[in-house]
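Q: Below is target.cif; it holds mmCIF, C-alpha atoms.
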data_run
loop_
_atom_site.label_atom_id
_atom_site.label_comp_id
_atom_site.auth_asym_id
_atom_site.auth_seq_id
_atom_site.Cartn_x
_atom_site.Cartn_y
_atom_site.Cartn_z
CA MET A 27 55.46 82.26 70.30
CA ARG A 28 56.74 78.70 70.50
CA ALA A 29 59.97 78.07 68.61
CA SER A 30 60.39 75.21 66.17
CA SER A 31 61.74 71.87 67.38
CA GLU A 32 64.90 72.43 65.40
CA GLU A 33 65.52 75.81 67.04
CA ILE A 34 64.93 74.41 70.54
CA VAL A 35 67.29 71.50 69.94
CA ARG A 36 69.95 73.77 68.48
CA GLU A 37 69.80 76.17 71.43
CA SER A 38 69.81 73.32 73.94
CA GLN A 39 72.86 71.79 72.31
CA ARG A 40 74.68 75.12 72.35
CA ILE A 41 74.06 75.50 76.08
CA LEU A 42 75.01 71.89 76.82
CA GLY A 43 78.22 72.47 74.93
CA TYR A 44 79.19 75.13 77.47
CA ILE A 45 78.28 72.82 80.36
CA LYS A 46 80.24 69.86 79.02
CA ALA A 47 83.30 71.78 77.85
CA ASP A 48 86.54 71.29 79.78
CA THR A 49 87.67 74.76 78.69
CA LEU A 50 85.92 77.69 77.07
CA SER A 51 87.20 79.97 74.36
CA GLU A 52 87.36 83.70 75.08
CA ALA A 53 84.47 84.17 72.68
CA ASP A 54 82.39 81.60 74.58
CA ARG A 55 83.15 83.32 77.90
CA ASP A 56 81.99 86.65 76.51
CA ARG A 57 78.92 85.04 74.96
CA ILE A 58 77.80 83.47 78.25
CA VAL A 59 77.89 86.84 80.01
CA ALA A 60 76.09 88.54 77.11
CA ASP A 61 73.46 85.78 77.07
CA SER A 62 72.91 86.16 80.80
CA LEU A 63 72.41 89.92 80.57
CA GLU A 64 69.86 89.28 77.81
CA ASN A 65 68.11 86.27 79.36
CA PHE A 66 67.41 87.67 82.81
CA PRO A 67 65.40 90.74 81.71
CA LEU A 68 63.54 88.77 79.03
CA TYR A 69 62.92 85.41 80.70
CA VAL A 70 63.55 85.78 84.44
CA THR A 71 63.32 89.37 85.71
CA GLU A 72 65.56 92.38 85.32
CA ALA A 73 64.99 93.16 89.00
CA ILE A 74 67.34 90.31 89.94
CA LEU A 75 70.17 92.02 88.08
CA LYS A 76 69.40 95.38 89.63
CA SER A 77 69.22 93.92 93.13
CA ARG A 78 72.85 92.82 92.86
CA LYS A 79 73.98 96.38 93.61
CA SER A 80 75.47 95.07 96.85
CA TYR A 81 78.45 93.86 94.85
CA SER A 82 78.54 95.50 91.44
CA ASP A 83 77.27 98.29 89.22
CA ASP A 84 77.54 96.63 85.82
CA TYR A 85 76.04 93.20 86.68
CA SER A 86 78.45 91.53 84.26
CA VAL A 87 80.10 89.01 86.58
CA ALA A 88 78.71 85.50 86.18
CA GLU A 89 79.73 82.57 88.39
CA TRP A 90 81.11 79.62 86.47
CA GLU A 91 83.46 77.54 88.64
CA ASP A 92 84.07 77.08 92.34
CA GLU A 93 85.96 75.09 94.94
CA GLY A 94 86.76 75.44 98.62
CA ALA A 95 86.40 79.05 99.78
CA VAL A 96 86.52 80.60 96.30
CA PHE A 97 84.54 80.87 93.09
CA ARG A 98 85.58 82.02 89.64
CA ASP A 99 83.69 83.94 86.98
CA THR A 100 83.48 83.02 83.31
CA HIS A 101 86.80 84.76 82.67
CA GLY A 102 88.63 82.91 85.43
CA HIS A 103 88.82 85.77 87.94
CA GLU A 104 88.89 84.33 91.46
CA TYR A 105 86.95 85.69 94.44
CA ILE A 106 87.04 84.81 98.13
CA ASP A 107 83.50 83.92 99.14
CA CYS A 108 82.58 85.61 102.41
CA LEU A 109 78.89 85.57 101.55
CA GLY A 110 78.74 81.80 101.37
CA GLY A 111 75.30 81.63 99.80
CA TYR A 112 73.89 83.26 102.96
CA GLY A 113 74.93 80.19 104.89
CA VAL A 114 74.78 77.46 102.24
CA TYR A 115 78.54 77.01 101.80
CA LEU A 116 79.61 76.15 105.33
CA LEU A 117 81.54 73.17 103.93
CA GLY A 118 82.81 75.22 101.03
CA HIS A 119 82.14 74.91 97.34
CA ARG A 120 81.91 71.33 96.06
CA HIS A 121 83.39 69.57 99.07
CA PRO A 122 84.98 66.43 97.56
CA LYS A 123 83.29 63.99 99.95
CA VAL A 124 79.85 65.46 99.34
CA VAL A 125 80.33 65.53 95.57
CA GLU A 126 81.58 61.93 95.64
CA ALA A 127 78.49 60.76 97.52
CA VAL A 128 76.14 62.49 95.10
CA LYS A 129 77.96 61.09 92.06
CA SER A 130 77.83 57.60 93.52
CA GLN A 131 74.12 57.88 94.16
CA LEU A 132 73.50 59.35 90.71
CA ASN A 133 75.18 56.28 89.21
CA ARG A 134 72.65 54.13 91.07
CA TYR A 135 69.35 56.05 90.86
CA ALA A 136 68.48 59.73 91.20
CA LEU A 137 64.87 60.11 92.33
CA HIS A 138 62.37 57.62 93.71
CA SER A 139 59.02 56.18 92.69
CA GLN A 140 57.08 57.91 95.50
CA GLU A 141 55.51 54.57 96.46
CA LEU A 142 58.28 52.21 97.55
CA ILE A 143 60.46 52.80 100.59
CA ASP A 144 63.53 54.88 99.73
CA PRO A 145 66.29 53.84 102.15
CA LEU A 146 68.32 57.05 102.12
CA ARG A 147 65.40 59.03 103.55
CA GLY A 148 65.38 56.71 106.53
CA TYR A 149 69.16 56.73 106.93
CA LEU A 150 69.32 60.52 106.81
CA SER A 151 66.46 60.90 109.27
CA LYS A 152 68.24 58.57 111.69
CA LEU A 153 71.42 60.65 111.42
CA VAL A 154 69.44 63.85 112.04
CA ALA A 155 68.05 62.31 115.23
CA MET A 156 71.57 61.29 116.24
CA ILE A 157 72.99 64.79 115.90
CA SER A 158 70.00 66.74 117.20
CA PRO A 159 69.80 68.01 120.79
CA GLY A 160 67.70 66.18 123.37
CA ASP A 161 64.97 63.87 122.16
CA LEU A 162 64.27 65.36 118.74
CA GLN A 163 63.53 62.27 116.68
CA HIS A 164 61.18 62.45 113.67
CA SER A 165 62.20 64.25 110.48
CA TYR A 166 60.20 65.63 107.60
CA LEU A 167 62.50 66.31 104.63
CA VAL A 168 61.75 69.08 102.13
CA ASN A 169 63.50 71.21 99.52
CA ALA A 170 64.01 74.61 101.16
CA GLY A 171 64.02 76.32 104.53
CA THR A 172 60.69 78.04 104.04
CA GLU A 173 59.05 74.64 103.49
CA ALA A 174 60.64 73.31 106.66
CA ASN A 175 59.19 76.21 108.61
CA GLU A 176 55.78 75.68 107.00
CA MET A 177 55.86 72.09 108.24
CA ALA A 178 56.91 73.23 111.71
CA LEU A 179 54.02 75.67 111.99
CA LYS A 180 51.54 73.10 110.70
CA LEU A 181 52.81 70.44 113.07
CA ALA A 182 52.55 72.80 116.04
CA ARG A 183 48.90 73.44 115.28
CA LEU A 184 48.19 69.76 114.69
CA ALA A 185 49.98 68.63 117.82
CA THR A 186 48.55 71.19 120.23
CA GLY A 187 45.16 71.94 118.70
CA LYS A 188 45.98 75.61 119.31
CA LYS A 189 46.14 78.51 116.87
CA HIS A 190 48.34 81.54 117.56
CA PHE A 191 52.12 81.96 117.24
CA ILE A 192 54.53 84.41 118.79
CA ALA A 193 57.22 85.48 116.32
CA MET A 194 60.00 88.05 116.43
CA GLU A 195 60.44 91.49 114.93
CA LYS A 196 63.18 91.38 112.26
CA GLY A 197 62.90 87.59 112.20
CA PHE A 198 63.13 85.78 108.88
CA HIS A 199 61.60 82.36 108.26
CA GLY A 200 60.91 82.33 104.53
CA LYS A 201 58.52 83.78 101.97
CA THR A 202 55.81 81.18 101.46
CA MET A 203 52.56 82.30 103.06
CA GLY A 204 52.87 80.63 106.46
CA SER A 205 56.58 81.30 106.87
CA LEU A 206 56.10 84.86 105.63
CA SER A 207 53.41 85.34 108.26
CA ALA A 208 56.03 84.44 110.88
CA THR A 209 58.67 86.66 109.27
CA GLY A 210 59.00 90.00 111.04
CA LYS A 211 59.98 92.36 108.21
CA GLY A 212 57.30 94.63 106.82
CA LEU A 213 59.12 95.00 103.50
CA PHE A 214 58.48 91.34 102.71
CA ARG A 215 55.02 91.12 104.29
CA GLN A 216 53.26 94.25 103.12
CA PRO A 217 52.56 93.26 99.46
CA TYR A 218 50.73 90.11 100.59
CA LEU A 219 48.61 91.37 103.47
CA PRO A 220 46.44 89.98 104.90
CA LEU A 221 48.62 86.97 105.59
CA VAL A 222 47.83 83.84 107.59
CA PRO A 223 46.10 85.04 110.76
CA GLY A 224 47.34 84.25 114.23
CA PHE A 225 50.88 85.68 114.30
CA GLN A 226 51.92 88.29 116.85
CA HIS A 227 55.40 89.84 116.62
CA VAL A 228 57.42 90.98 119.61
CA PRO A 229 60.95 92.39 120.02
CA PHE A 230 63.75 89.86 119.54
CA GLY A 231 65.78 89.17 122.66
CA ASP A 232 62.98 90.17 125.05
CA ALA A 233 61.51 87.02 126.58
CA GLY A 234 59.23 89.11 128.79
CA ALA A 235 57.57 90.60 125.71
CA ALA A 236 56.90 87.12 124.37
CA GLU A 237 55.31 86.06 127.64
CA GLN A 238 53.20 89.19 127.84
CA ALA A 239 51.90 88.55 124.32
CA ILE A 240 50.89 85.03 125.31
CA VAL A 241 49.14 86.30 128.44
CA GLN A 242 47.19 88.87 126.44
CA LEU A 243 46.08 86.28 123.91
CA LEU A 244 44.97 83.86 126.61
CA ARG A 245 43.06 86.58 128.44
CA SER A 246 41.12 87.33 125.27
CA GLY A 247 40.18 83.69 124.81
CA GLU A 248 42.76 82.80 122.17
CA THR A 249 45.11 79.81 122.22
CA VAL A 250 48.85 79.77 121.52
CA ALA A 251 50.46 76.92 119.58
CA GLY A 252 54.05 78.04 119.85
CA ILE A 253 56.91 80.51 119.71
CA ILE A 254 59.13 80.56 116.60
CA VAL A 255 62.60 82.07 116.89
CA GLU A 256 66.11 82.07 115.42
CA PRO A 257 69.03 81.54 117.85
CA ILE A 258 70.74 84.42 116.02
CA GLN A 259 68.88 86.56 113.52
CA GLY A 260 70.70 86.36 110.20
CA GLU A 261 68.68 88.36 107.68
CA GLY A 262 67.63 90.60 110.56
CA GLY A 263 71.20 91.83 110.97
CA VAL A 264 73.24 89.17 112.83
CA ASN A 265 71.43 90.00 116.07
CA ILE A 266 72.61 87.97 119.05
CA PRO A 267 70.20 87.73 122.02
CA PRO A 268 71.13 87.72 125.71
CA PRO A 269 72.41 84.35 127.04
CA SER A 270 69.22 83.79 129.06
CA TYR A 271 66.90 84.41 126.11
CA LEU A 272 66.39 80.90 124.73
CA PRO A 273 66.26 79.27 128.20
CA ASP A 274 63.62 81.83 129.19
CA LEU A 275 61.59 81.09 126.05
CA ARG A 276 61.86 77.36 126.82
CA ALA A 277 60.49 77.96 130.32
CA ILE A 278 57.68 80.15 128.97
CA CYS A 279 56.63 77.49 126.48
CA ASP A 280 56.60 74.88 129.24
CA ARG A 281 54.59 77.18 131.51
CA TYR A 282 51.89 77.92 128.94
CA GLU A 283 51.94 74.50 127.21
CA CYS A 284 52.97 75.68 123.78
CA LEU A 285 55.83 74.54 121.54
CA LEU A 286 59.25 76.12 121.09
CA ILE A 287 60.13 76.13 117.37
CA VAL A 288 63.77 77.02 116.69
CA ASP A 289 64.74 77.99 113.16
CA GLU A 290 68.33 76.73 112.69
CA ILE A 291 68.30 77.10 108.92
CA GLN A 292 71.17 79.59 108.93
CA THR A 293 72.76 78.81 112.30
CA GLY A 294 72.68 75.01 112.21
CA MET A 295 75.24 72.37 111.23
CA GLY A 296 78.16 74.07 112.99
CA ARG A 297 78.30 77.61 111.64
CA THR A 298 78.14 79.36 115.02
CA GLY A 299 80.87 77.27 116.67
CA LYS A 300 78.44 74.70 118.06
CA LEU A 301 76.58 72.05 116.10
CA PHE A 302 73.39 74.07 116.57
CA GLY A 303 72.71 77.58 117.78
CA VAL A 304 70.67 76.24 120.71
CA ASP A 305 73.73 74.34 121.92
CA HIS A 306 75.22 77.60 123.19
CA SER A 307 72.48 77.69 125.83
CA GLY A 308 71.68 73.99 126.26
CA VAL A 309 68.05 74.44 125.17
CA VAL A 310 66.11 71.59 123.56
CA PRO A 311 63.33 72.82 121.26
CA ASP A 312 60.13 70.93 120.54
CA ILE A 313 60.65 71.42 116.82
CA MET A 314 63.81 72.46 114.94
CA THR A 315 64.27 73.35 111.28
CA LEU A 316 67.43 72.91 109.21
CA GLY A 317 68.46 74.01 105.74
CA LYS A 318 71.16 75.86 103.79
CA ALA A 319 74.37 74.07 104.96
CA PHE A 320 72.35 70.88 105.55
CA GLY A 321 72.96 69.86 101.91
CA GLY A 322 76.71 70.26 102.20
CA GLY A 323 76.80 73.13 99.70
CA VAL A 324 75.96 70.72 96.89
CA ALA A 325 72.24 69.90 97.02
CA PRO A 326 69.09 71.80 98.07
CA ILE A 327 67.53 70.09 101.08
CA ALA A 328 65.90 71.20 104.31
CA CYS A 329 64.37 69.44 107.26
CA MET A 330 61.99 69.73 110.17
CA VAL A 331 62.78 67.49 113.14
CA ALA A 332 60.43 67.12 116.10
CA GLN A 333 60.02 65.30 119.36
CA HIS A 334 58.11 62.00 119.25
CA ARG A 335 55.33 63.19 121.54
CA TRP A 336 54.16 65.76 118.99
CA TRP A 337 54.01 63.27 116.13
CA GLY A 338 50.77 61.50 117.08
CA LYS A 339 48.45 62.93 114.42
CA MET A 340 50.82 61.64 111.75
CA GLU A 341 50.27 58.00 112.74
CA ASP A 342 46.73 57.86 111.32
CA ASN A 343 47.51 59.81 108.15
CA PRO A 344 51.22 60.28 107.38
CA PHE A 345 50.39 62.72 104.56
CA ILE A 346 48.22 65.12 106.56
CA LEU A 347 51.27 67.31 107.21
CA GLY A 348 52.41 67.37 103.59
CA SER A 349 53.70 65.27 100.71
CA SER A 350 56.80 66.77 99.15
CA THR A 351 57.49 65.16 95.76
CA PHE A 352 61.21 65.85 95.82
CA GLY A 353 61.79 66.26 99.57
CA GLY A 354 64.53 63.94 100.80
CA ASN A 355 65.07 62.36 97.39
CA PRO A 356 68.08 60.03 97.05
CA LEU A 357 70.40 62.60 95.47
CA VAL A 358 69.91 65.32 98.07
CA ALA A 359 69.80 62.81 100.91
CA SER A 360 73.18 61.46 99.87
CA ALA A 361 74.57 65.00 100.01
CA ALA A 362 73.17 65.63 103.48
CA ILE A 363 74.46 62.28 104.77
CA ALA A 364 77.94 63.09 103.48
CA ALA A 365 77.70 66.60 104.96
CA ILE A 366 76.93 65.20 108.40
CA GLU A 367 79.88 62.81 108.13
CA VAL A 368 82.24 65.67 107.21
CA ILE A 369 80.92 67.96 109.94
CA MET A 370 81.38 65.34 112.64
CA GLU A 371 84.63 63.75 111.44
CA GLU A 372 86.41 67.06 110.81
CA ASP A 373 84.85 68.80 113.84
CA VAL A 374 83.58 71.67 111.75
CA PRO A 375 81.97 73.48 114.75
CA ARG A 376 85.37 73.73 116.47
CA ILE A 377 87.02 75.03 113.31
CA ALA A 378 84.20 77.55 112.83
CA ALA A 379 84.64 78.74 116.42
CA GLU A 380 88.41 79.16 116.08
CA LYS A 381 88.44 80.84 112.68
CA GLY A 382 85.43 82.94 113.60
CA ALA A 383 87.15 84.22 116.73
CA TYR A 384 90.25 85.13 114.70
CA PHE A 385 88.15 86.84 112.02
CA LEU A 386 86.02 88.74 114.54
CA GLU A 387 89.07 89.96 116.44
CA GLY A 388 90.44 91.37 113.19
CA LEU A 389 87.12 93.07 112.42
CA GLN A 390 87.01 94.60 115.89
CA THR A 391 90.53 96.00 115.45
CA ILE A 392 89.50 97.58 112.16
CA ARG A 393 86.38 99.03 113.75
CA GLU A 394 88.48 100.68 116.44
CA ARG A 395 90.43 102.44 113.69
CA HIS A 396 87.30 103.51 111.78
CA PRO A 397 84.51 104.13 114.32
CA GLU A 398 83.13 106.97 112.20
CA ILE A 399 82.29 104.47 109.41
CA LEU A 400 81.90 101.12 111.11
CA ARG A 401 79.39 101.34 113.95
CA ASP A 402 79.63 97.78 115.24
CA VAL A 403 80.92 94.30 114.49
CA ARG A 404 79.43 91.21 116.06
CA GLY A 405 79.14 87.51 115.48
CA ARG A 406 79.46 83.97 116.66
CA GLY A 407 81.59 81.44 114.86
CA LEU A 408 81.50 82.03 111.11
CA LEU A 409 78.32 84.10 111.22
CA MET A 410 79.42 87.73 111.55
CA GLY A 411 78.04 91.14 110.79
CA MET A 412 79.49 94.60 110.18
CA GLU A 413 77.03 97.38 110.97
CA PHE A 414 77.41 100.74 109.24
CA TYR A 415 75.54 103.96 109.98
CA ASN A 416 73.41 103.64 106.83
CA HIS A 417 72.87 101.14 104.06
CA GLU A 418 74.42 103.39 101.40
CA THR A 419 77.78 103.08 103.16
CA GLY A 420 77.33 99.33 103.39
CA TYR A 421 76.66 99.04 99.67
CA ASP A 422 79.67 101.19 98.89
CA VAL A 423 82.01 99.13 101.08
CA ALA A 424 80.67 95.88 99.61
CA LYS A 425 81.36 97.14 96.09
CA ARG A 426 84.87 98.21 97.04
CA LEU A 427 85.51 94.77 98.51
CA PHE A 428 84.21 93.08 95.37
CA ARG A 429 86.62 95.10 93.28
CA LYS A 430 89.30 93.59 95.53
CA ASN A 431 87.92 90.10 94.78
CA VAL A 432 86.02 89.60 98.02
CA LEU A 433 82.27 88.87 98.04
CA VAL A 434 80.24 89.82 101.12
CA GLY A 435 76.51 90.22 101.54
CA GLY A 436 74.01 92.66 102.99
CA THR A 437 70.51 91.81 104.07
CA LEU A 438 67.90 91.53 101.35
CA SER A 439 66.39 94.87 102.30
CA ASN A 440 69.54 96.95 102.76
CA SER A 441 73.24 96.75 103.47
CA GLN A 442 73.42 98.63 106.75
CA VAL A 443 74.57 95.30 108.15
CA ILE A 444 76.97 93.36 105.92
CA ARG A 445 77.06 89.66 106.64
CA ILE A 446 80.27 87.65 106.57
CA GLU A 447 79.62 83.90 106.30
CA PRO A 448 82.69 82.19 104.83
CA PRO A 449 83.19 78.44 104.54
CA TYR A 450 84.99 76.62 107.34
CA SER A 451 87.71 75.85 104.79
CA ILE A 452 88.70 79.50 104.44
CA SER A 453 92.40 79.72 105.29
CA TYR A 454 93.93 82.13 107.77
CA GLN A 455 95.83 83.62 104.84
CA GLN A 456 92.54 84.26 103.06
CA ILE A 457 91.06 85.78 106.23
CA ASP A 458 94.04 88.13 106.45
CA TYR A 459 93.55 89.10 102.81
CA VAL A 460 89.89 89.93 103.48
CA LEU A 461 90.77 91.98 106.55
CA ASN A 462 93.43 93.92 104.62
CA ALA A 463 90.98 94.50 101.77
CA LEU A 464 88.40 95.82 104.26
CA GLU A 465 90.98 98.14 105.81
CA ASP A 466 91.85 99.50 102.35
CA ALA A 467 88.16 99.87 101.45
CA LEU A 468 87.46 101.89 104.58
CA GLN A 469 90.51 104.07 104.06
CA GLU A 470 89.31 104.76 100.51
CA LYS A 471 85.89 105.58 101.90
CA VAL A 472 87.40 108.15 104.25
#
Before we go any further, please render this structure as structure tokens.

A:
Amino acid sequence: MRASSEEIVRESQRILGYIKADTLSEADRDRIVADSLENFPLYVTEAILKSRKSYSDDYSVAEWEDEGAVFRDTHGHEYIDCLGGYGVYLLGHRHPKVVEAVKSQLNRYALHSQELIDPLRGYLSKLVAMISPGDLQHSYLVNAGTEANEMALKLARLATGKKHFIAMEKGFHGKTMGSLSATGKGLFRQPYLPLVPGFQHVPFGDAGAAEQAIVQLLRSGETVAGIIVEPIQGEGGVNIPPPSYLPDLRAICDRYECLLIVDEIQTGMGRTGKLFGVDHSGVVPDIMTLGKAFGGGVAPIACMVAQHRWWGKMEDNPFILGSSTFGGNPLVASAAIAAIEVIMEEDVPRIAAEKGAYFLEGLQTIRERHPEILRDVRGRGLLMGMEFYNHETGYDVAKRLFRKNVLVGGTLSNSQVIRIEPPYSISYQQIDYVLNALEDALQEKV
């Protein structure tokens, strides 16, 4: 039942008071947590609280402040963020240069009319072309990674006139219908079957399996528009393919005249120690998608960027691909522009490579001491994974780490593989603290 205007205004003002306050009383801090535990079951979904078992049992920790490689809850307790928003916080929490750019743009204008030219969309798209490998040139800016992948799949069909896609088992490309059809996890797909037709999944890391799938489709009279793949599977478990994998897929796409779509939403912008995951192998995709860290950890923005030769159908009708109301709006574009400047000026890929190597070496040393608990550690740059023998152990270790003020993250389906994705700004002292906390957690587990 709709509340009265007076009640709505009063509640809005109470909430805004928390947002605008420089400091909160202890009573206010308690009230915010209590409100959250009431609001989620009633107005969002209780399942979100229950799904947070990867870090806590009581669900009573609410984020309230953040900076650099840490965040603080409503009571001021500080945590080292080694989850990093599943890749969002490559530049850390509220990087000053990104925040400054967004504030400056907000003081000018926030959104756009939808009809006039908005300059920042053009500036950002030019910068994306400048940083992208090879001759990737045209950008389509959207709000989230799944939208970027939707645009990539649609463009591949438009550009080639072909229908089928080869995707990877354990791959993750989003949860809207097209992206979910490309995603290779049955847990996410099963409730929505049948999905968009024309997707065939093959083992990740096996280029021969991808080629064989194409051959079988062609023999049966079907057509193949493209292959969609992550350079490293993130949600799938930080799975790193053989060095020849992406070059082989590139050759296969050239041989059968289909497009190579590379999903860089989690690996892009420097996280793996190169600007993009494909840079480790020198491959140039036909279409690439970006997201997560693309907004500098401040604004939600994602992007599809494609080679000019596949853009022809857009010339007659620029809206045939899509028309995102908020995609590439001035606020988020300013964040992404600032993020690119920071990444290039501070050489974030180099820092990610160096700190990632240090972190991974420490993880490997710990694994050698606890092989009965920790099955494997692997990673590239600041995208790392710890594999346990079952997801129950992963959840338990994650909870123990959280009690030591370290946040890590499992996959969405289980925590057999715990992801470690800290910001590039994490200090070596903080890395050492995390490694010591992990050692203690595993010793407690034993």

Q: Contacts of region 392-398 of chain A at 10 Å or less, counting all atoms listed in the file, minus same-chain residues fewer than 6 places along, as a list in words?

A: Leu386, Met412, Glu413, Phe414, Tyr415, Leu461, Asn462, Leu464, Glu465, Leu468, Gln469 and Val472 of chain A

Q: I'd like the interatomic distance between CA of Tyr421 (chain A) and CA of Pro67 (chain A), to a tenth of an Å.

A: 22.8 Å

Q: Go through region 90-201 of chain A and flag each residue having an atom no more than 9 Å from region 253-277 of chain A; for those, report the closest pair of atoms plus their distance in Å to one decimal, using all atoms listed in the file, ordered by chain and rising number, as CSV.

A:
residue,atom,partner,partner_atom,distance
A:Tyr112,CA,A:Gly260,CA,8.5
A:Leu179,CA,A:Ile254,CA,8.4
A:His190,CA,A:Ile253,CA,8.9
A:Phe191,CA,A:Ile253,CA,5.6
A:Ile192,CA,A:Ile253,CA,4.7
A:Ala193,CA,A:Ile254,CA,5.3
A:Met194,CA,A:Val255,CA,6.5
A:Glu195,CA,A:Gly262,CA,8.5
A:Lys196,CA,A:Gly262,CA,4.8
A:Gly197,CA,A:Gly262,CA,5.8
A:Phe198,CA,A:Glu261,CA,6.2
A:His199,CA,A:Glu256,CA,8.5

Q: Can you spell out as a ChimeraX atom specification the set of residues that the PyMOL selection byres ((chain A and resi 171) around 7) selects in the structure I just provided?

A: /A:170,172-175,200,291,316-317,328

Q: Can you list, as a count of residues only, every protein, DNA or RNA residue that comes within 10 Å of Asp312 (chain A) when you count only C-alpha atoms, leaving out same-chain residues fewer than 3 positions away?

A: 20

Q: Using only C-alpha atoms, find the one residue out of A:Glu141, A:Asp466, A:Glu89, A:Glu33 that sits nearest to Lys430 (chain A).

A: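 Closest to Lys430 (chain A), using only C-alpha atoms: A:Asp466.
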
Q: Which residues, written as a count of residues only, have at least one atom at most 9 Å from region 212-216 of chain A, with all atoms listed in the file counted and residues fewer than 4 positions away on the same chain left out?

A: 7

Q: I'd like the neighbourhood of Tyr454 (chain A) as a PyMOL selection string, where a residue qualifies if any of its atoms comes within 10 Å (using all atoms listed in the file), though same-chain residues fewer than 5 positions away should be ignored.

A: chain A and resi 381+384-385+459-460

Q: So which one's closest to Lys339 (chain A), A:Ile366, A:Ala185, A:Ile377, A:Leu63? Using only C-alpha atoms, please.

A: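 Smallest separation from Lys339 (chain A) among the options: A:Ala185.
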
Q: Could you list the residues chosen by the PyMOL selection byres ((chain A and resi 125-129) around 9) in this structure as a VMD selection string?

A: chain A and resid 120 to 124 130 to 134 322 324 to 325 356 to 361 363 to 364

Q: Go through A:Asp107, A:Glu176, A:Glu372, A:Glu248 one by one, measure the shortest atom-to-atom distance of each to Gly435 (chain A) using only C-alpha atoms, and give the residue with the smallest value.

A: A:Asp107

Q: I'd like the interatomic distance between CA of Asp61 (chain A) and CA of His103 (chain A), to a tenth of an Å.

A: 18.8 Å

Q: Expressed in Å to a single decimal, how great is the separation between CA of Asp280 (chain A) and CA of Ser158 (chain A)?

A: 19.8 Å

Q: Given all atoms listed in the file as the basis, pick out the residue of A:Lys318, A:Arg147, A:His119, A:Lys76 nearest to Glu91 (chain A).

A: A:His119

Q: Of the candidates A:Met203, A:Gly354, A:Ala29, A:Leu409, which shows the shortest atom-to-atom distance to Gly148 (chain A), using all atoms listed in the file?

A: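 Between A:Met203, A:Gly354, A:Ala29, A:Leu409, the residue approaching Gly148 (chain A) most closely is A:Gly354.
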
Q: Excluding Arg55 (chain A) and any residue of its chain fewer than 6 positions from it, enumerate the residues within 12 Å of it, using only C-alpha atoms, and give them as a list in words.

A: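 Within the cut-off, the hits are Tyr44, Ile45, Ala47, Thr49, Asp61, Ser62, Ser86, Val87, Ala88, Glu89, Trp90, Asp99, Thr100, His101, Gly102 and His103 of chain A.
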